[in-house]
Amino acid sequence: MRIDEYAALDGIAIAELIAAGTVSIDEVGSAAFAAIEALNPTLGAVVETLPPDHPALVDLPLPGPLHGAPFLVKDLGPHFAGLHYEWASRLCAGLVAERDDNFGRLVKQSGVRIVGRSATPEFSLASCGDSILHGPCHNPWDPERATYGSSGGAAAAVAAGLVPIAHASDIGGSTRGPAGWCGAVGLQPSRGRVSAGPDEAESGYGMAQSNCITRTVRDTAQFLDCVGVPQPGDPFVIPAPPAGTFREHARGSRQRYRIGWSADPLMDAPVDPETAAAVEAVAQTLADLGHDVVHAAPTIDLEALDQVSLDIWYFQFDGWLDELGAMTGRRPGPDTLEAGTLRFYEHAKTVSFDRFLEGLSELNRAARLMGPFFAAHDVWLSPTTAQPAQLRGAYSMDVDLPPHEFLRREQTIAQFLVPYNAAGLPAISLPLAQHSSGLPIGIQLGAGSACEHVLLELAADLEQALPWRDRRPGLHVGAPRNGDADGPRLT
């Protein structure tokens, strides 16, 4: 299998070819490693490759619907027994997971072939994929641009054709933002859809969910079918999709939906005009497809959500870093933490239990504020991010800013993302438009709780109406070069 052939396939197509005997798992794996070797020195999206004889992978891949599809694990966890999880931090360098958690076990059962780890900023705190431990991560559309974060390496690798599917997680836009800036598909599931067990009841106190970044809607739907399975001991169970699987819903809309759209800024930070125009154009496309489309937006208090983030995300953050340091024999400090992380470490010492409880109450209020909108509308259509991909370095963790200023800086681009985490609602980013700069424009659709099937139906329709599959970034594993039938080239 040539790597240009490999890079043109999504995960389902690869699994089907393997099942038919057209290609072998080893041939696919060789193509994936060749793609990584060709582009990763420039991208910095993959921080470790894992050969099939790695002790943690000798019994993989398992027979599943994505059997043999190459897959990257985000450098956090612990999720997968025997694999490093370093949180892109010098404090955690060398940490290895002792067992699979529920997510890791379900990912393995999906049949994917784990080929490496992807880049993330230190402790997944910044809107980039850079870290001091692993180095810079570049956007495949423009290496001078950032990838967003924290799943920046995952999105860059998928968009560049290194792998069809990569692990992502999202506590404040960390799946959708990278998908938007890198031109991929990223779905944040409903709160509780993906089990955080057995060691946690809810990840990020309910604000975070693990899932994936892909190039196609059907891969996203299939992966959610695999990992969105209630597990014994989960504190609550999210309703399954009506009338079939998520992949079945990803064949297109089954009814006429009520869609509110808006690209108006949610704070005193502008929305890029071309991004706003793209949202309006997608709204018109959905109207042309027969849906009821109006200009409308939910009520959102971003200032309150900033305070919630400071009081919930960082409650006991200092104690957690102390525990990680004890595991590696290191201490949190300027030699082991980036400047921004060290600021949050010190901030965490000031977050009282009372403030944490007030933050949980504010989370509930955020959900209640958005509730009336989703009682009157099935979907909110908006930008994914307020601006397309920004220059690298603009959103690094290695910057000495007070925590509230750091979050304010992030919120100027992330204003449409974190409300869904606070309310526990699903949202998806789709690469539906292209900026005049050549960068992707991510468009976000959000829905009420347990309504991922609605988003996938509409996403499938838009994938047909406004196809993105043939758009490739400047850094992409493409057709053979110089007549070499087995060699890569950059398209």
# chains A, B, ... in the order shown; residues from 1 in each chain; ligands from 1
$ closest_atom_pairs --of "stretch 102-127 of chain A" --to "stretch 409-413 of chain A" --cutoff "10 Å" --atoms "only C-alpha atoms" --output "JSON lines"
{"residue": "A:Leu125", "atom": "CA", "partner": "A:Glu410", "partner_atom": "CA", "distance": 9.8}
{"residue": "A:Ala126", "atom": "CA", "partner": "A:Glu410", "partner_atom": "CA", "distance": 7.7}
{"residue": "A:Ser127", "atom": "CA", "partner": "A:Glu410", "partner_atom": "CA", "distance": 7.0}
$ write_last_selection --atoms "N, CA and C atoms" --output "JSON list (two decimals), in the first residue's frame"
[["chain", "number", "residue", "atom", "x", "y", "z"],
["A", 125, "LEU", "N", -3.41, 22.60, 28.89],
["A", 125, "LEU", "CA", -3.95, 23.87, 29.38],
["A", 125, "LEU", "C", -4.00, 24.98, 28.33],
["A", 126, "ALA", "N", -3.32, 24.84, 27.19],
["A", 126, "ALA", "CA", -3.19, 25.96, 26.27],
["A", 126, "ALA", "C", -3.77, 25.65, 24.90],
["A", 127, "SER", "N", -3.96, 26.70, 24.10],
["A", 127, "SER", "CA", -4.53, 26.58, 22.76],
["A", 127, "SER", "C", -3.45, 26.35, 21.72]]
$ select_by_dssp --residues "stretch 337-439 of chain A" --states "alpha helix (DSSP H)" --output "count of residues only"
52
$ residues_around --residues "stretch 369-383 of chain A" --least-positions-apart "3" --cutoff "6 Å" --atoms "only C-alpha atoms" --output "ChimeraX atom specification"
/A:258-263,298-299,366,443-448
$ residues_around --residues "A:Leu475" --least-positions-apart "5" --cutoff "9 Å" --atoms "only C-alpha atoms" --output "ChimeraX atom specification"
/A:39,42-43,139-143,159-161,490-491
$ write_last_selection --atoms "N, CA and C atoms" --output "PDB file, in the first residue's frame"
ATOM      1  N   LEU A  39       6.549  13.251   7.405  1.00  0.00           N
ATOM      2  CA  LEU A  39       6.060  14.587   7.757  1.00  0.00           C
ATOM      3  C   LEU A  39       6.289  15.007   9.192  1.00  0.00           C
ATOM      4  N   THR A  42       8.646  17.773  10.430  1.00  0.00           N
ATOM      5  CA  THR A  42       8.189  19.141  10.199  1.00  0.00           C
ATOM      6  C   THR A  42       7.000  19.496  11.084  1.00  0.00           C
ATOM      7  N   LEU A  43       6.073  18.552  11.277  1.00  0.00           N
ATOM      8  CA  LEU A  43       4.848  18.825  12.031  1.00  0.00           C
ATOM      9  C   LEU A  43       5.058  18.818  13.544  1.00  0.00           C
ATOM     10  N   ASN A 139       0.868  23.644  12.512  1.00  0.00           N
ATOM     11  CA  ASN A 139      -0.370  23.460  11.758  1.00  0.00           C
ATOM     12  C   ASN A 139      -0.029  23.033  10.327  1.00  0.00           C
ATOM     13  N   PRO A 140      -0.617  21.954   9.818  1.00  0.00           N
ATOM     14  CA  PRO A 140      -0.254  21.492   8.471  1.00  0.00           C
ATOM     15  C   PRO A 140      -0.643  22.460   7.358  1.00  0.00           C
ATOM     16  N   TRP A 141      -1.552  23.390   7.623  1.00  0.00           N
ATOM     17  CA  TRP A 141      -1.936  24.368   6.609  1.00  0.00           C
ATOM     18  C   TRP A 141      -0.921  25.500   6.508  1.00  0.00           C
ATOM     19  N   ASP A 142      -0.231  25.754   7.592  1.00  0.00           N
ATOM     20  CA  ASP A 142       0.793  26.795   7.632  1.00  0.00           C
ATOM     21  C   ASP A 142       1.654  26.523   8.859  1.00  0.00           C
ATOM     22  N   PRO A 143       2.887  26.060   8.677  1.00  0.00           N
ATOM     23  CA  PRO A 143       3.716  25.690   9.831  1.00  0.00           C
ATOM     24  C   PRO A 143       3.983  26.831  10.801  1.00  0.00           C
ATOM     25  N   ALA A 159      -5.255  15.734   9.944  1.00  0.00           N
ATOM     26  CA  ALA A 159      -5.387  16.615   8.781  1.00  0.00           C
ATOM     27  C   ALA A 159      -4.274  16.375   7.768  1.00  0.00           C
ATOM     28  N   ALA A 160      -3.089  16.005   8.244  1.00  0.00           N
ATOM     29  CA  ALA A 160      -1.947  15.796   7.352  1.00  0.00           C
ATOM     30  C   ALA A 160      -1.900  14.396   6.757  1.00  0.00           C
ATOM     31  N   GLY A 161      -2.826  13.512   7.144  1.00  0.00           N
ATOM     32  CA  GLY A 161      -2.880  12.172   6.571  1.00  0.00           C
ATOM     33  C   GLY A 161      -2.003  11.162   7.272  1.00  0.00           C
ATOM     34  N   LEU A 490       5.009  15.875  -0.524  1.00  0.00           N
ATOM     35  CA  LEU A 490       4.186  16.864   0.153  1.00  0.00           C
ATOM     36  C   LEU A 490       3.367  17.576  -0.905  1.00  0.00           C
ATOM     37  N   THR A 491       2.028  17.525  -0.751  1.00  0.00           N
ATOM     38  CA  THR A 491       1.180  18.185  -1.747  1.00  0.00           C
ATOM     39  C   THR A 491       0.981  19.634  -1.391  1.00  0.00           C
TER      40      THR A 491
END
$ select_by_dssp --residues "stretch 282-454 of chain A" --states "strand (DSSP E)" --output "number ranges by chain"
A: 292-295, 379-383, 427-434, 440-447
$ write_last_selection --atoms "N, CA and C atoms" --output "PDB file, in the first residue's frame"
ATOM      1  N   ASP A 292     -35.752  24.405   9.406  1.00  0.00           N
ATOM      2  CA  ASP A 292     -36.249  25.699   9.863  1.00  0.00           C
ATOM      3  C   ASP A 292     -35.093  26.463  10.493  1.00  0.00           C
ATOM      4  N   VAL A 293     -34.641  27.515   9.851  1.00  0.00           N
ATOM      5  CA  VAL A 293     -33.429  28.220  10.267  1.00  0.00           C
ATOM      6  C   VAL A 293     -33.756  29.669  10.594  1.00  0.00           C
ATOM      7  N   VAL A 294     -33.357  30.106  11.790  1.00  0.00           N
ATOM      8  CA  VAL A 294     -33.578  31.485  12.221  1.00  0.00           C
ATOM      9  C   VAL A 294     -32.311  32.005  12.876  1.00  0.00           C
ATOM     10  N   HIS A 295     -32.214  33.330  12.953  1.00  0.00           N
ATOM     11  CA  HIS A 295     -31.082  33.939  13.646  1.00  0.00           C
ATOM     12  C   HIS A 295     -31.406  33.971  15.134  1.00  0.00           C
ATOM     13  N   VAL A 379     -30.780  22.851  17.411  1.00  0.00           N
ATOM     14  CA  VAL A 379     -29.354  23.038  17.134  1.00  0.00           C
ATOM     15  C   VAL A 379     -29.008  24.513  17.181  1.00  0.00           C
ATOM     16  N   TRP A 380     -27.811  24.811  17.699  1.00  0.00           N
ATOM     17  CA  TRP A 380     -27.242  26.149  17.556  1.00  0.00           C
ATOM     18  C   TRP A 380     -26.046  26.061  16.622  1.00  0.00           C
ATOM     19  N   LEU A 381     -26.067  26.847  15.551  1.00  0.00           N
ATOM     20  CA  LEU A 381     -25.000  26.929  14.562  1.00  0.00           C
ATOM     21  C   LEU A 381     -24.181  28.184  14.839  1.00  0.00           C
ATOM     22  N   SER A 382     -22.857  28.037  14.956  1.00  0.00           N
ATOM     23  CA  SER A 382     -21.988  29.167  15.292  1.00  0.00           C
ATOM     24  C   SER A 382     -20.597  28.907  14.721  1.00  0.00           C
ATOM     25  N   PRO A 383     -19.686  29.873  14.851  1.00  0.00           N
ATOM     26  CA  PRO A 383     -18.288  29.546  14.577  1.00  0.00           C
ATOM     27  C   PRO A 383     -17.779  28.526  15.590  1.00  0.00           C
ATOM     28  N   ALA A 427     -21.391  18.997  21.023  1.00  0.00           N
ATOM     29  CA  ALA A 427     -21.142  19.936  19.923  1.00  0.00           C
ATOM     30  C   ALA A 427     -20.106  19.328  18.992  1.00  0.00           C
ATOM     31  N   ILE A 428     -20.188  19.692  17.723  1.00  0.00           N
ATOM     32  CA  ILE A 428     -19.272  19.154  16.720  1.00  0.00           C
ATOM     33  C   ILE A 428     -18.727  20.279  15.873  1.00  0.00           C
ATOM     34  N   SER A 429     -17.438  20.205  15.529  1.00  0.00           N
ATOM     35  CA  SER A 429     -16.816  21.144  14.605  1.00  0.00           C
ATOM     36  C   SER A 429     -16.603  20.458  13.270  1.00  0.00           C
ATOM     37  N   LEU A 430     -16.974  21.148  12.200  1.00  0.00           N
ATOM     38  CA  LEU A 430     -16.831  20.629  10.841  1.00  0.00           C
ATOM     39  C   LEU A 430     -16.024  21.609   9.991  1.00  0.00           C
ATOM     40  N   PRO A 431     -15.151  21.121   9.101  1.00  0.00           N
ATOM     41  CA  PRO A 431     -14.319  21.995   8.260  1.00  0.00           C
ATOM     42  C   PRO A 431     -15.067  22.423   7.007  1.00  0.00           C
ATOM     43  N   LEU A 432     -16.066  23.265   7.177  1.00  0.00           N
ATOM     44  CA  LEU A 432     -17.012  23.547   6.095  1.00  0.00           C
ATOM     45  C   LEU A 432     -16.621  24.713   5.199  1.00  0.00           C
ATOM     46  N   ALA A 433     -15.571  25.450   5.548  1.00  0.00           N
ATOM     47  CA  ALA A 433     -15.213  26.615   4.739  1.00  0.00           C
ATOM     48  C   ALA A 433     -13.711  26.828   4.784  1.00  0.00           C
ATOM     49  N   GLN A 434     -13.240  27.682   3.881  1.00  0.00           N
ATOM     50  CA  GLN A 434     -11.824  27.993   3.784  1.00  0.00           C
ATOM     51  C   GLN A 434     -11.647  29.507   3.780  1.00  0.00           C
ATOM     52  N   PRO A 440      -8.293  26.691   7.270  1.00  0.00           N
ATOM     53  CA  PRO A 440      -9.657  26.179   7.423  1.00  0.00           C
ATOM     54  C   PRO A 440     -10.487  27.087   8.316  1.00  0.00           C
ATOM     55  N   ILE A 441     -11.794  27.034   8.109  1.00  0.00           N
ATOM     56  CA  ILE A 441     -12.753  27.683   9.002  1.00  0.00           C
ATOM     57  C   ILE A 441     -13.631  26.588   9.581  1.00  0.00           C
ATOM     58  N   GLY A 442     -13.562  26.418  10.877  1.00  0.00           N
ATOM     59  CA  GLY A 442     -14.408  25.432  11.538  1.00  0.00           C
ATOM     60  C   GLY A 442     -15.768  26.017  11.863  1.00  0.00           C
ATOM     61  N   ILE A 443     -16.806  25.251  11.590  1.00  0.00           N
ATOM     62  CA  ILE A 443     -18.182  25.640  11.895  1.00  0.00           C
ATOM     63  C   ILE A 443     -18.724  24.666  12.934  1.00  0.00           C
ATOM     64  N   GLN A 444     -19.335  25.186  13.988  1.00  0.00           N
ATOM     65  CA  GLN A 444     -19.793  24.366  15.105  1.00  0.00           C
ATOM     66  C   GLN A 444     -21.314  24.241  15.127  1.00  0.00           C
ATOM     67  N   LEU A 445     -21.773  23.020  15.375  1.00  0.00           N
ATOM     68  CA  LEU A 445     -23.185  22.757  15.638  1.00  0.00           C
ATOM     69  C   LEU A 445     -23.282  22.140  17.029  1.00  0.00           C
ATOM     70  N   GLY A 446     -24.172  22.678  17.854  1.00  0.00           N
ATOM     71  CA  GLY A 446     -24.398  22.148  19.186  1.00  0.00           C
ATOM     72  C   GLY A 446     -25.847  21.773  19.366  1.00  0.00           C
ATOM     73  N   ALA A 447     -26.117  20.879  20.323  1.00  0.00           N
ATOM     74  CA  ALA A 447     -27.475  20.379  20.527  1.00  0.00           C
ATOM     75  C   ALA A 447     -27.716  20.133  22.010  1.00  0.00           C
TER      76      ALA A 447
END
$ residues_around --residues "A:Gly319" --least-positions-apart "6" --cutoff "9 Å" --atoms "only C-alpha atoms" --output "PyMOL selection string"
chain A and resi 345+348-349
$ write_last_selection --atoms "C-alpha atoms" --output "PDB file, in the first residue's frame"
ATOM      1  CA  TYR A 345      -0.141  25.645  40.470  1.00  0.00           C
ATOM      2  CA  ALA A 348      -4.729  26.401  42.991  1.00  0.00           C
ATOM      3  CA  LYS A 349      -3.464  26.847  46.536  1.00  0.00           C
TER       4      LYS A 349
END
$ residues_around --residues "A:Ala304" --least-positions-apart "6" --cutoff "10 Å" --atoms "only C-alpha atoms" --output "list of chain:residue names"
A:Gly359, A:Glu362, A:Leu363, A:Arg365, A:Ala366
$ write_last_selection --atoms "N, CA and C atoms" --output "CSV table (one decimal), in the first residue's frame"
chain,number,residue,atom,x,y,z
A,359,GLY,N,-18.5,27.2,42.4
A,359,GLY,CA,-18.3,26.9,41.0
A,359,GLY,C,-19.2,25.8,40.4
A,362,GLU,N,-22.5,27.3,39.8
A,362,GLU,CA,-22.4,28.2,38.6
A,362,GLU,C,-22.5,27.3,37.4
A,363,LEU,N,-21.9,26.1,37.4
A,363,LEU,CA,-22.0,25.2,36.3
A,363,LEU,C,-23.5,24.9,36.0
A,365,ARG,N,-26.0,26.7,36.8
A,365,ARG,CA,-26.7,27.9,36.3
A,365,ARG,C,-26.4,28.1,34.8
A,366,ALA,N,-25.2,27.7,34.4
A,366,ALA,CA,-24.9,27.9,33.0
A,366,ALA,C,-25.7,26.9,32.1
$ residues_around --residues "stretch 154-156 of chain A" --least-positions-apart "6" --cutoff "6 Å" --atoms "only C-alpha atoms" --output "list in words"
Ser118, Asn139, Ala166, Pro178, Ala179 and Cys182 of chain A
$ closest_residue --among "A:Ala287, A:Ile36, A:Cys451, A:Val28" --to "A:Ala69" --atoms "only C-alpha atoms"
A:Val28
$ closest_residue --among "A:Asp264, A:Asp170, A:Glu200, A:Asp301" --to "A:Asp234" --atoms "only C-alpha atoms"
A:Glu200
$ closest_residue --among "A:Leu187, A:Ile18, A:Ile312, A:Ala326" --to "A:His347" --atoms "only C-alpha atoms"
A:Ile312
$ closest_residue --among "A:Asp4, A:Glu338, A:Asp101, A:Asp288" --to "A:Leu462" --atoms "only C-alpha atoms"
A:Asp288
$ closest_residue --among "A:Leu72, A:Ala281, A:Phe315, A:Asp219" --to "A:Phe353" --atoms "only C-alpha atoms"
A:Phe315
$ closest_residue --among "A:Gly233, A:Gly290, A:Gly478, A:Pro473" --to "A:His138" --atoms "only C-alpha atoms"
A:Pro473
$ atom_distance --atom1 "atom CA of A:Leu391" --atom2 "atom CA of A:Tyr85"
27.5 Å
$ atom_distance --atom1 "atom CA of A:Ala146" --atom2 "atom CA of A:Arg392"
4.4 Å
$ decode --residues "stretch 143-158 of chain A" --atoms "C-alpha atoms" --output "JSON list (two decimals), in the first residue's frame"
[["chain", "number", "residue", "atom", "x", "y", "z"],
["A", 143, "PRO", "CA", 3.72, 25.69, 9.83],
["A", 144, "GLU", "CA", 3.91, 29.20, 11.30],
["A", 145, "ARG", "CA", 0.40, 28.77, 12.72],
["A", 146, "ALA", "CA", -0.71, 27.02, 15.89],
["A", 147, "THR", "CA", -2.86, 23.90, 15.97],
["A", 148, "TYR", "CA", -5.09, 25.07, 18.81],
["A", 149, "GLY", "CA", -5.16, 22.75, 21.83],
["A", 150, "SER", "CA", -5.08, 20.71, 23.69],
["A", 151, "SER", "CA", -5.56, 17.94, 21.09],
["A", 152, "GLY", "CA", -3.34, 19.86, 18.69],
["A", 153, "GLY", "CA", -1.08, 16.98, 17.73],
["A", 154, "ALA", "CA", -4.09, 14.74, 17.10],
["A", 155, "ALA", "CA", -5.72, 17.27, 14.76],
["A", 156, "ALA", "CA", -2.50, 18.04, 12.90],
["A", 157, "ALA", "CA", -1.77, 14.34, 12.36],
["A", 158, "VAL", "CA", -5.27, 13.59, 11.08]]
